[in-house]
Protein chains: 2
Amino acid sequence: MSREESRGRPATDKVGTICRALRRAIIEQALEPGAKLPEDALGERFGVSRTIARHALGQLAAEGLVELRRNRIAVVATPSWQEARDAFDIRIELERLVVRQLAGRLTKAQIAQLHAHVDAEDEARNGPDPVSIRLATEFHILLATMTESPILIRYVSEIAYRCCLTLSLFSRPHSSECAINEHRLLIDALAKGDAEAVVALMHHHLDSVASRALVAQTRPRGRDIMDILAPYAEPLRPAPPARRAASPVAGKDSRRKAAN
Amino acid sequence: MSREESRGRPATDKVGTICRALRRAIIEQALEPGAKLPEDALGERFGVSRTIARHALGQLAAEGLVELRRNRIAVVATPSWQEARDAFDIRIELERLVVRQLAGRLTKAQIAQLHAHVDAEDEARNGPDPVSIRLATEFHILLATMTESPILIRYVSEIAYRCCLTLSLFSRPHSSECAINEHRLLIDALAKGDAEAVVALMHHHLDSVASRALVAQTRPRGRDIMDILAPYAEPLRPAPPARRAASPVAGKDSRRKAAN
DNA sequence: GCGGCCGTAACTGCATGCACTTTACATGCC
DNA sequence: GGCATGTAAAGTGCATGCAGTTACGGCCGC
């Protein structure tokens, strides 16, 4: 999805460019969950036609970052708590696969690259929260990339982005120091090559990230009144088909600001 | 992706319709890997404009069933052997998650539904190969659906389809009897509720499906001369970036027939 | 007879335009 | 004053048209 024409220019791949931009904006919380993404606005902003913007939204929707409702403005996805939990469960399994494949197989250059990345995380520690969240996420994606398995890379990236989005919804102020340390431990274990140890480390790392974030169904940090009220609204309508706490109310609109 | 307007008509969701049709055509091998998918032809066939066909192709590409190369006709994906192996590895982990979640939690109705599906597989045993492959795949998707976790459903479906596509490439005539039996065993274990046992069963099942299919790098059943020759063509070009046995040659064209 | 070149047909990339749906607001009724 | 209603604006769904790229087949030189 991304590795294409890697040297040179992006070969005028407009859809890809927009996707990348939006992905990044979303995971850095420049676009909060629920934010509107009108096709025209996007098109104008990126200097393309609605057709292209629309196509990009389609891709993002396939990745689960955007919600597409027929005849309605697309919005940044607002994962439910349960979905977040599921996402982390899947992520744990996938990343287990990653590190198992990587343990003891990393070149010196790769290890250096990983260290460099964690250094960057360290520097960003006092910067804005969203950036450090993004960097932490990208560390995992970097790991996945090193497996050179396109499928694994794609899935880990996708699910990591989704988890990242989740964090922006549920997580409290975010304490990243320990996560950074755990990243360092991971690298060391990977270099040493003890597969089982590194798998255990990764499992523990993700588990604790998840629990730090998803502490007992804390309601989404008061973003939209409609969302918050959703669980209480059940008995009115005939029977909103949401069986699994998938937010039953679309959520009218939280903030005015959209793409610009 | 699918649960929308579940009763009534598909709400004129043209893209979705085309996607479903193509997916099915692909996994039933009506469209073989490498088959061309020109936008106009698709549009004409389904009575829509190129725009829609194009959008559908985009979605399918995001799922990995279709390959999209800039300025070139889209083709049905041709996974390399290594990709197939990776896909199965991931699939094993994901389905492990599925059955662990399902063990002992299935309703009587669900168990009946599963049995019914396997019965259908049984009936199709003497029919055309592709159909029985599709049914076997859909059994796993049915299982995933029962978790009611949208993310898990999506990933399992996607990867199952990819594996299915792979089978059509690498598998020999296909012996489905044992697979059917294994499906029955799985249902029984799920009903009984012994999580560990059912996880082990699923692992073994998928593993044996994979090895039956991917026996030691059997070259893709002579489909396209160019593909077959691909591994031998290495030393000519400056250095085709394929490091991981991702088919380095695009494959010119195998058969004239495209969508119709 | 064979290999390279070129013109044409096929196809994709993208923007624009029109019809229909939803949303927002202002007006009028109670 | 509050609520319902109608109407205009905003936005999506989709087709079509044009420009640029690629693929193909014949033609020419050798």
# chains A, B, ... in the order shown; residues from 1 in each chain; ligands from 1
$ residues_around --residues "DC18 in chain C" --least-positions-apart "3" --cutoff "12 Å" --atoms "only C-alpha atoms (C1' of nucleotides)" --output "PDB file with C-alpha atoms (C1' of nucleotides), in the first residue's frame"
ATOM      1  C1'  DG D  13     -24.133   9.191  -5.816  1.00  0.00           C
ATOM      2  C1'  DC D  14     -23.109   8.562 -10.153  1.00  0.00           C
ATOM      3  C1'  DA D  15     -22.258   9.216 -15.266  1.00  0.00           C
ATOM      4  C1'  DT D  16     -19.745  11.304 -18.764  1.00  0.00           C
TER       5       DT D  16
END
$ interface_residues --of "chain A" --to "chain C" --cutoff "12 Å" --atoms "only C-alpha atoms (C1' of nucleotides)" --output "ChimeraX atom specification"
/A:12-15,43,47-53,55,69-73,252-253
$ select_by_dssp --residues "range 63-131 of chain B" --states "strand (DSSP E or B)" --output "PyMOL selection string"
chain B and resi 66-67+74-76
$ atom_distance --atom1 "CA of Glu138 in chain B" --atom2 "CA of Ala62 in chain B"
20.0 Å
$ select_by_dssp --residues "range 71-221 of chain B" --states "alpha helix (DSSP H)" --output "ChimeraX atom specification"
/B:81-102,108-123,129-146,150-170,177-192,195-213
$ residues_around --residues "Ala25 in chain A" --least-positions-apart "4" --cutoff "12 Å" --atoms "only C-alpha atoms (C1' of nucleotides)" --output "list in words"
Ile18, Cys19, Arg20, Ala21, Gln29, Ala30, Leu31, Glu32, Pro33, Ala35, Leu37, Leu65, Val76, Pro130, Val131, Arg134, Tyr161, Cys164, Leu165, Ala258, Ala259 and Asn260 of chain A
$ residues_around --residues "range 183-196 of chain B" --least-positions-apart "6" --cutoff "7 Å" --atoms "only C-alpha atoms (C1' of nucleotides)" --output "list in words"
Arg100, Leu102, Ala103, Gly104, Leu106 and Met202 of chain B
$ closest_atom_pairs --of "chain B" --to "chain A" --cutoff "8 Å" --atoms "only C-alpha atoms" --output "tab-separated table"
residue	atom	partner	partner_atom	distance
B:His55	CA	A:His55	CA	6.6
B:Gly58	CA	A:Gln59	CA	7.3
B:Gln59	CA	A:Gln59	CA	6.7
B:Ala62	CA	A:Gln59	CA	7.0
B:Glu83	CA	A:Ser149	CA	7.0
B:Asp86	CA	A:Ser149	CA	6.9
B:Ala87	CA	A:Ile151	CA	6.8
B:Ile90	CA	A:Leu94	CA	7.0
B:Glu93	CA	A:Glu93	CA	6.3
B:Leu94	CA	A:Ile90	CA	7.0
B:Leu97	CA	A:Ile90	CA	7.6
B:Glu148	CA	A:Arg244	CA	7.3
B:Ser149	CA	A:Asp86	CA	6.9
B:Pro150	CA	A:Glu83	CA	7.5
B:Ile151	CA	A:Ala87	CA	6.8
B:Leu152	CA	A:Ile90	CA	7.4
B:Arg244	CA	A:Glu148	CA	7.3
